[in-house]
Amino acid sequence: MNETGQRPMRALLALAVTLSVAVPAAAQAGESRLESLDAAAADSGETYLDLARAFVPDLEADGMTWEGHSLNEDFATRFDLDTDWPDGLSISGVETVPVTSGGFRRLAVLYDFGPLSDVPQGPAILALYQLGQSVHLIDAVDVGLDRESSFSDPATLDLGGGVSALVVRSDHWNSNQSYRATSVMLASAKGLTPIDTIQTFSERLCGLSRTQEPTVTVDKAGKTPALRVEVRIRDEKVEESCDESPAPQPERTISVTYRPDERTGAYAPDSDALEVLARENEERF
């Protein structure tokens, strides 16, 4: 990945996170919010820094950020990552989103150690907690598939019966190209279960902006709630001076529905259309 322009922006990114945390807006259902590491976690006696140290035990304040150099050995093994990170793992805050379904109170927290560090692709840890008298970790997975990771909008979808879907995006841009991996997973009392990762690709050509925008919604048409993934693909003319500009293609939408298996509960797609799109995109990289 091209790092040009990333490092000079770190202080500004950290400042933006701090300011956003200082004056938090009321989150709508399914929306995430930014929290400082020194904020109380879900009105408990613990801070998000306490929770983050379960993953990076040596996190210490470093100006406007916190930095550590090691991953907890058990989690490093589970995530198939190194334990030692000599270049450091930095974080300025976390993203959180309530995960409520069937009366269960849970909280999803995203710890992204990538954008502010010198590591090309640091871990982005998605953790699911059970809320009660204390904050109890149910499960955690590494969703750092690319340079920067964050919750999508909406970040969580209620599937009923104590089960929700969490949606996380991981992306980066390089010159005139933008890459995104959208991870969809189940969140329940059993933990986090991956459903699929949708790969999309947008690019800027001379005189043309070509975008692929994924959305995830709940489909309640069947006996049990399903998940519908739609990728809107469109070309938009851009006023530029070009010797030759490609002609815009008609707008189209790729739609795939993931339904749960009645016997196993595993969600499976009703077509391979998203896999075909990913292969087509790879030819344009």
# chains A, B, ... in the order shown; residues from 1 in each chain; ligands from 1
call {"tool": "residues_around", "arguments": {"residues": "segment 236-252 of chain A", "least_positions_apart": "5", "cutoff": "6 Å", "atoms": "only C-alpha atoms", "output": "number ranges by chain"}}
result
A: 206-209
call {"tool": "write_last_selection", "arguments": {"atoms": "C-alpha atoms", "output": "compact mmCIF listing (two decimals), in the first residue's frame"}}
result
# COMPACT_ATOMS: atom_id res chain seq x y z
CA CYS A 206 -10.13 10.40 -16.37
CA GLY A 207 -13.57 12.00 -16.64
CA LEU A 208 -15.31 9.15 -14.83
CA SER A 209 -15.94 8.05 -11.24
call {"tool": "residues_around", "arguments": {"residues": "segment 152-161 of chain A", "least_positions_apart": "2", "cutoff": "6 Å", "atoms": "only C-alpha atoms", "output": "list in words"}}
result
Gly30, Glu31, Ser101, Gly102, Val163, Ser164, Ala165, Leu166, Val167, Val168, Arg169 and Pro225 of chain A
call {"tool": "closest_residue", "arguments": {"among": "A:Gly222, A:Pro57, A:Pro214, A:Gly132", "to": "Glu262 of chain A", "atoms": "only C-alpha atoms"}}
result
A:Gly222
call {"tool": "select_by_dssp", "arguments": {"residues": "segment 76-265 of chain A", "states": "strand (DSSP E)", "output": "PyMOL selection string"}}
result
chain A and resi 84-91+94-101+104-112+124-131+135-142+148-160+163-174+177-188+191-205+208-219+226-237+252-260
call {"tool": "write_last_selection", "arguments": {"atoms": "C-alpha atoms", "output": "tab-separated table (two decimals), in the first residue's frame"}}
result
chain	number	residue	atom	x	y	z
A	84	ASP	CA	5.93	-8.96	19.38
A	85	TRP	CA	5.42	-5.72	17.42
A	86	PRO	CA	8.71	-3.75	17.60
A	87	ASP	CA	7.34	-0.88	15.49
A	88	GLY	CA	4.50	-0.40	17.94
A	89	LEU	CA	0.72	-0.66	17.96
A	90	SER	CA	-1.03	2.70	18.42
A	91	ILE	CA	-4.65	3.57	19.13
A	94	VAL	CA	-12.44	2.83	20.09
A	95	GLU	CA	-15.71	2.45	18.21
A	96	THR	CA	-18.61	0.94	20.13
A	97	VAL	CA	-22.13	-0.16	19.27
A	98	PRO	CA	-24.86	-1.69	21.49
A	99	VAL	CA	-25.91	-5.17	20.34
A	100	THR	CA	-29.41	-5.84	21.64
A	101	SER	CA	-31.70	-8.68	20.63
A	104	PHE	CA	-29.95	-9.49	25.79
A	105	ARG	CA	-27.61	-6.56	26.44
A	106	ARG	CA	-24.30	-6.82	24.67
A	107	LEU	CA	-21.68	-4.38	23.43
A	108	ALA	CA	-19.39	-4.63	20.41
A	109	VAL	CA	-16.08	-2.74	20.58
A	110	LEU	CA	-13.64	-2.25	17.71
A	111	TYR	CA	-9.98	-1.69	18.60
A	112	ASP	CA	-8.12	-0.62	15.43
A	124	ALA	CA	-8.19	-4.50	14.24
A	125	ILE	CA	-9.84	-6.49	17.02
A	126	LEU	CA	-13.62	-6.78	17.17
A	127	ALA	CA	-14.72	-7.80	20.67
A	128	LEU	CA	-18.20	-8.78	21.84
A	129	TYR	CA	-19.08	-8.27	25.52
A	130	GLN	CA	-21.99	-9.34	27.71
A	131	LEU	CA	-23.23	-6.47	29.88
A	135	VAL	CA	-18.31	-6.35	31.38
A	136	HIS	CA	-17.69	-9.96	30.31
A	137	LEU	CA	-15.81	-10.80	27.09
A	138	ILE	CA	-17.76	-13.31	24.99
A	139	ASP	CA	-15.53	-13.49	21.93
A	140	ALA	CA	-13.03	-11.55	19.81
A	141	VAL	CA	-11.84	-11.77	16.19
A	142	ASP	CA	-9.31	-9.90	14.08
A	148	GLU	CA	-8.24	1.08	8.21
A	149	SER	CA	-11.18	-0.69	9.88
A	150	SER	CA	-14.46	0.72	11.20
A	151	PHE	CA	-18.08	-0.21	11.73
A	152	SER	CA	-20.36	0.16	8.73
A	153	ASP	CA	-23.63	2.08	8.87
A	154	PRO	CA	-25.67	0.48	10.26
A	155	ALA	CA	-23.16	-1.46	12.32
A	156	THR	CA	-25.60	-3.99	13.77
A	157	LEU	CA	-28.83	-5.63	12.57
A	158	ASP	CA	-31.29	-7.47	14.83
A	159	LEU	CA	-32.13	-10.97	13.59
A	160	GLY	CA	-34.25	-11.84	16.62
A	163	VAL	CA	-28.92	-13.05	17.51
A	164	SER	CA	-27.63	-10.00	15.64
A	165	ALA	CA	-25.43	-9.32	12.64
A	166	LEU	CA	-22.37	-7.09	12.90
A	167	VAL	CA	-20.97	-5.33	9.83
A	168	VAL	CA	-17.37	-4.06	9.70
A	169	ARG	CA	-15.54	-2.44	6.81
A	170	SER	CA	-11.79	-2.54	6.24
A	171	ASP	CA	-10.34	-0.44	3.42
A	172	HIS	CA	-7.65	1.77	1.96
A	173	TRP	CA	-7.15	4.02	-1.02
A	174	ASN	CA	-4.14	4.16	-3.29
A	177	GLN	CA	-8.26	3.32	-6.52
A	178	SER	CA	-10.23	2.40	-3.40
A	179	TYR	CA	-10.43	-1.11	-1.95
A	180	ARG	CA	-12.96	-2.30	0.63
A	181	ALA	CA	-13.62	-5.57	2.45
A	182	THR	CA	-16.98	-5.69	4.23
A	183	SER	CA	-17.15	-8.41	6.88
A	184	VAL	CA	-20.55	-9.70	8.04
A	185	MET	CA	-20.79	-11.92	11.10
A	186	LEU	CA	-23.30	-13.26	13.61
A	187	ALA	CA	-23.14	-12.05	17.20
A	188	SER	CA	-24.81	-14.25	19.83
A	191	GLY	CA	-19.71	-15.63	20.16
A	192	LEU	CA	-18.85	-14.20	16.75
A	193	THR	CA	-19.43	-16.36	13.67
A	194	PRO	CA	-18.25	-15.11	10.24
A	195	ILE	CA	-20.88	-15.19	7.48
A	196	ASP	CA	-18.98	-13.70	4.53
A	197	THR	CA	-16.58	-10.99	3.40
A	198	ILE	CA	-17.64	-8.87	0.44
A	199	GLN	CA	-14.84	-7.42	-1.68
A	200	THR	CA	-15.60	-4.19	-3.57
A	201	PHE	CA	-13.47	-1.84	-5.64
A	202	SER	CA	-13.96	1.76	-6.76
A	203	GLU	CA	-11.76	3.83	-9.05
A	204	ARG	CA	-11.39	7.26	-10.60
A	205	LEU	CA	-10.69	7.31	-14.31
A	208	LEU	CA	-15.31	9.15	-14.83
A	209	SER	CA	-15.94	8.05	-11.24
A	210	ARG	CA	-16.78	4.33	-10.96
A	211	THR	CA	-18.07	3.25	-7.52
A	212	GLN	CA	-19.26	0.06	-5.83
A	213	GLU	CA	-21.26	0.67	-2.67
A	214	PRO	CA	-22.30	-2.33	-0.50
A	215	THR	CA	-25.25	-2.29	1.90
A	216	VAL	CA	-26.50	-4.99	4.30
A	217	THR	CA	-30.14	-5.21	5.42
A	218	VAL	CA	-32.48	-7.70	7.08
A	219	ASP	CA	-34.86	-9.60	4.80
A	226	ALA	CA	-32.26	-13.43	6.34
A	227	LEU	CA	-29.51	-11.01	5.38
A	228	ARG	CA	-29.52	-9.25	2.03
A	229	VAL	CA	-26.30	-7.83	0.62
A	230	GLU	CA	-26.61	-5.38	-2.26
A	231	VAL	CA	-23.76	-3.77	-4.15
A	232	ARG	CA	-24.75	-0.70	-6.15
A	233	ILE	CA	-22.42	-0.18	-9.11
A	234	ARG	CA	-22.56	3.11	-10.96
A	235	ASP	CA	-20.49	5.36	-13.19
A	236	GLU	CA	-20.65	9.13	-12.90
A	237	LYS	CA	-19.20	11.62	-15.36
A	252	ARG	CA	-26.72	-1.99	-11.83
A	253	THR	CA	-27.19	-3.63	-8.45
A	254	ILE	CA	-25.93	-7.06	-7.44
A	255	SER	CA	-28.12	-8.64	-4.77
A	256	VAL	CA	-27.42	-11.79	-2.75
A	257	THR	CA	-29.51	-13.15	0.14
A	258	TYR	CA	-28.00	-15.18	2.96
A	259	ARG	CA	-30.51	-17.52	4.62
A	260	PRO	CA	-29.94	-19.69	7.68
call {"tool": "select_by_dssp", "arguments": {"residues": "segment 64-229 of chain A", "states": "helix (DSSP H, G or I)", "output": "list in words"}}
result
Glu73, Asp74, Phe75, Ala76, Thr77, Arg78 and Phe79 of chain A
call {"tool": "write_last_selection", "arguments": {"atoms": "all heavy atoms", "output": "short mmCIF file (atom, residue, chain, number, x, y, z; two decimals), in the first residue's frame"}}
result
data_model
loop_
_atom_site.label_atom_id
_atom_site.label_comp_id
_atom_site.auth_asym_id
_atom_site.auth_seq_id
_atom_site.Cartn_x
_atom_site.Cartn_y
_atom_site.Cartn_z
N GLU A 73 -0.42 -13.36 24.22
CA GLU A 73 0.02 -14.56 23.51
C GLU A 73 -1.14 -15.44 23.08
O GLU A 73 -1.15 -15.97 21.96
CB GLU A 73 0.99 -15.36 24.39
CG GLU A 73 1.62 -16.54 23.68
CD GLU A 73 2.70 -17.21 24.50
OE1 GLU A 73 3.07 -16.64 25.56
OE2 GLU A 73 3.17 -18.29 24.09
N ASP A 74 -2.14 -15.60 23.96
CA ASP A 74 -3.28 -16.45 23.61
C ASP A 74 -4.05 -15.88 22.43
O ASP A 74 -4.44 -16.62 21.51
CB ASP A 74 -4.21 -16.62 24.81
CG ASP A 74 -3.59 -17.46 25.92
OD1 ASP A 74 -2.65 -18.23 25.62
OD2 ASP A 74 -4.03 -17.34 27.08
N PHE A 75 -4.29 -14.56 22.45
CA PHE A 75 -5.02 -13.94 21.35
C PHE A 75 -4.18 -13.92 20.07
O PHE A 75 -4.71 -14.09 18.97
CB PHE A 75 -5.45 -12.53 21.72
CG PHE A 75 -6.61 -12.48 22.68
CD1 PHE A 75 -6.44 -12.01 23.97
CD2 PHE A 75 -7.87 -12.93 22.30
CE1 PHE A 75 -7.50 -11.97 24.87
CE2 PHE A 75 -8.94 -12.90 23.18
CZ PHE A 75 -8.75 -12.42 24.47
N ALA A 76 -2.87 -13.70 20.20
CA ALA A 76 -2.01 -13.71 19.02
C ALA A 76 -2.07 -15.06 18.33
O ALA A 76 -2.14 -15.15 17.10
CB ALA A 76 -0.57 -13.38 19.42
N THR A 77 -2.08 -16.14 19.12
CA THR A 77 -2.18 -17.48 18.56
C THR A 77 -3.53 -17.67 17.89
O THR A 77 -3.62 -18.20 16.78
CB THR A 77 -1.99 -18.54 19.66
OG1 THR A 77 -0.69 -18.38 20.24
CG2 THR A 77 -2.11 -19.94 19.08
N ARG A 78 -4.59 -17.22 18.55
CA ARG A 78 -5.94 -17.38 17.99
C ARG A 78 -6.10 -16.60 16.69
O ARG A 78 -6.73 -17.07 15.75
CB ARG A 78 -6.99 -16.91 19.00
CG ARG A 78 -8.41 -17.15 18.54
CD ARG A 78 -9.44 -16.42 19.38
NE ARG A 78 -9.36 -16.71 20.79
CZ ARG A 78 -10.22 -16.21 21.69
NH1 ARG A 78 -11.18 -15.39 21.29
NH2 ARG A 78 -10.09 -16.51 22.97
N PHE A 79 -5.52 -15.40 16.64
CA PHE A 79 -5.65 -14.55 15.44
C PHE A 79 -4.59 -14.86 14.39
O PHE A 79 -4.59 -14.26 13.32
CB PHE A 79 -5.53 -13.06 15.82
CG PHE A 79 -6.54 -12.60 16.83
CD1 PHE A 79 -6.23 -11.55 17.69
CD2 PHE A 79 -7.78 -13.20 16.94
CE1 PHE A 79 -7.15 -11.10 18.62
CE2 PHE A 79 -8.71 -12.77 17.89
CZ PHE A 79 -8.39 -11.71 18.73
#
call {"tool": "atom_distance", "arguments": {"atom1": "atom CA of Asp62 of chain A", "atom2": "atom CA of Ala39 of chain A"}}
result
16.6 Å
call {"tool": "decode", "arguments": {"residues": "segment 138-150 of chain A", "atoms": "all heavy atoms", "output": "compact mmCIF listing (two decimals), in the first residue's frame"}}
result
# COMPACT_ATOMS: atom_id res chain seq x y z
N ILE A 138 -17.21 -12.10 25.58
CA ILE A 138 -17.76 -13.31 24.99
C ILE A 138 -16.83 -13.88 23.95
O ILE A 138 -16.52 -15.07 23.94
CB ILE A 138 -19.15 -13.03 24.36
CG1 ILE A 138 -20.14 -12.52 25.40
CG2 ILE A 138 -19.69 -14.30 23.68
CD1 ILE A 138 -21.47 -12.10 24.81
N ASP A 139 -16.35 -13.01 23.04
CA ASP A 139 -15.53 -13.49 21.93
C ASP A 139 -14.81 -12.30 21.30
O ASP A 139 -15.21 -11.14 21.49
CB ASP A 139 -16.40 -14.20 20.90
CG ASP A 139 -15.60 -15.09 19.95
OD1 ASP A 139 -14.38 -15.25 20.17
OD2 ASP A 139 -16.20 -15.63 19.00
N ALA A 140 -13.77 -12.59 20.54
CA ALA A 140 -13.03 -11.55 19.81
C ALA A 140 -12.45 -12.15 18.54
O ALA A 140 -12.03 -13.31 18.53
CB ALA A 140 -11.93 -10.96 20.68
N VAL A 141 -12.43 -11.35 17.47
CA VAL A 141 -11.84 -11.77 16.19
C VAL A 141 -11.05 -10.60 15.62
O VAL A 141 -11.30 -9.44 15.93
CB VAL A 141 -12.93 -12.21 15.17
CG1 VAL A 141 -13.67 -13.44 15.66
CG2 VAL A 141 -13.91 -11.07 14.90
N ASP A 142 -10.07 -10.93 14.78
CA ASP A 142 -9.31 -9.90 14.08
C ASP A 142 -9.99 -9.63 12.74
O ASP A 142 -10.10 -10.52 11.90
CB ASP A 142 -7.87 -10.37 13.86
CG ASP A 142 -7.05 -9.37 13.06
OD1 ASP A 142 -7.35 -8.16 13.13
OD2 ASP A 142 -6.10 -9.79 12.37
N VAL A 143 -10.44 -8.39 12.54
CA VAL A 143 -11.12 -8.01 11.30
C VAL A 143 -10.26 -7.04 10.49
O VAL A 143 -10.77 -6.39 9.57
CB VAL A 143 -12.51 -7.39 11.59
CG1 VAL A 143 -13.44 -8.42 12.18
CG2 VAL A 143 -12.39 -6.17 12.51
N GLY A 144 -8.97 -6.95 10.82
CA GLY A 144 -8.08 -6.02 10.12
C GLY A 144 -7.63 -6.57 8.79
O GLY A 144 -6.48 -6.98 8.64
N LEU A 145 -8.52 -6.58 7.83
CA LEU A 145 -8.21 -7.11 6.50
C LEU A 145 -7.49 -6.10 5.62
O LEU A 145 -6.95 -6.47 4.57
CB LEU A 145 -9.49 -7.59 5.81
CG LEU A 145 -10.29 -8.66 6.56
CD1 LEU A 145 -11.56 -9.00 5.79
CD2 LEU A 145 -9.45 -9.90 6.81
N ASP A 146 -7.49 -4.84 6.02
CA ASP A 146 -6.87 -3.80 5.22
C ASP A 146 -6.34 -2.72 6.15
O ASP A 146 -6.29 -2.91 7.37
CB ASP A 146 -7.86 -3.24 4.20
CG ASP A 146 -7.19 -2.76 2.91
OD1 ASP A 146 -6.07 -2.22 3.01
OD2 ASP A 146 -7.77 -2.92 1.82
N ARG A 147 -6.00 -1.57 5.60
CA ARG A 147 -5.32 -0.52 6.35
C ARG A 147 -6.16 0.06 7.48
O ARG A 147 -5.69 0.20 8.60
CB ARG A 147 -4.89 0.59 5.38
CG ARG A 147 -4.22 1.78 6.04
CD ARG A 147 -2.93 1.42 6.72
NE ARG A 147 -2.38 2.56 7.44
CZ ARG A 147 -1.29 2.51 8.19
NH1 ARG A 147 -0.66 1.38 8.35
NH2 ARG A 147 -0.84 3.58 8.79
N GLU A 148 -7.40 0.44 7.22
CA GLU A 148 -8.24 1.08 8.21
C GLU A 148 -9.54 0.29 8.36
O GLU A 148 -10.15 -0.11 7.38
CB GLU A 148 -8.55 2.53 7.82
CG GLU A 148 -7.32 3.40 7.71
CD GLU A 148 -7.66 4.84 7.36
OE1 GLU A 148 -8.83 5.22 7.52
OE2 GLU A 148 -6.76 5.57 6.92
N SER A 149 -9.96 0.09 9.61
CA SER A 149 -11.18 -0.69 9.88
C SER A 149 -12.14 0.15 10.72
O SER A 149 -11.72 0.90 11.60
CB SER A 149 -10.84 -2.00 10.61
OG SER A 149 -9.99 -2.81 9.83
N SER A 150 -13.43 -0.01 10.45
CA SER A 150 -14.46 0.72 11.20
C SER A 150 -15.78 -0.01 11.04
O SER A 150 -15.93 -0.87 10.16
CB SER A 150 -14.59 2.16 10.69
OG SER A 150 -14.99 2.17 9.33
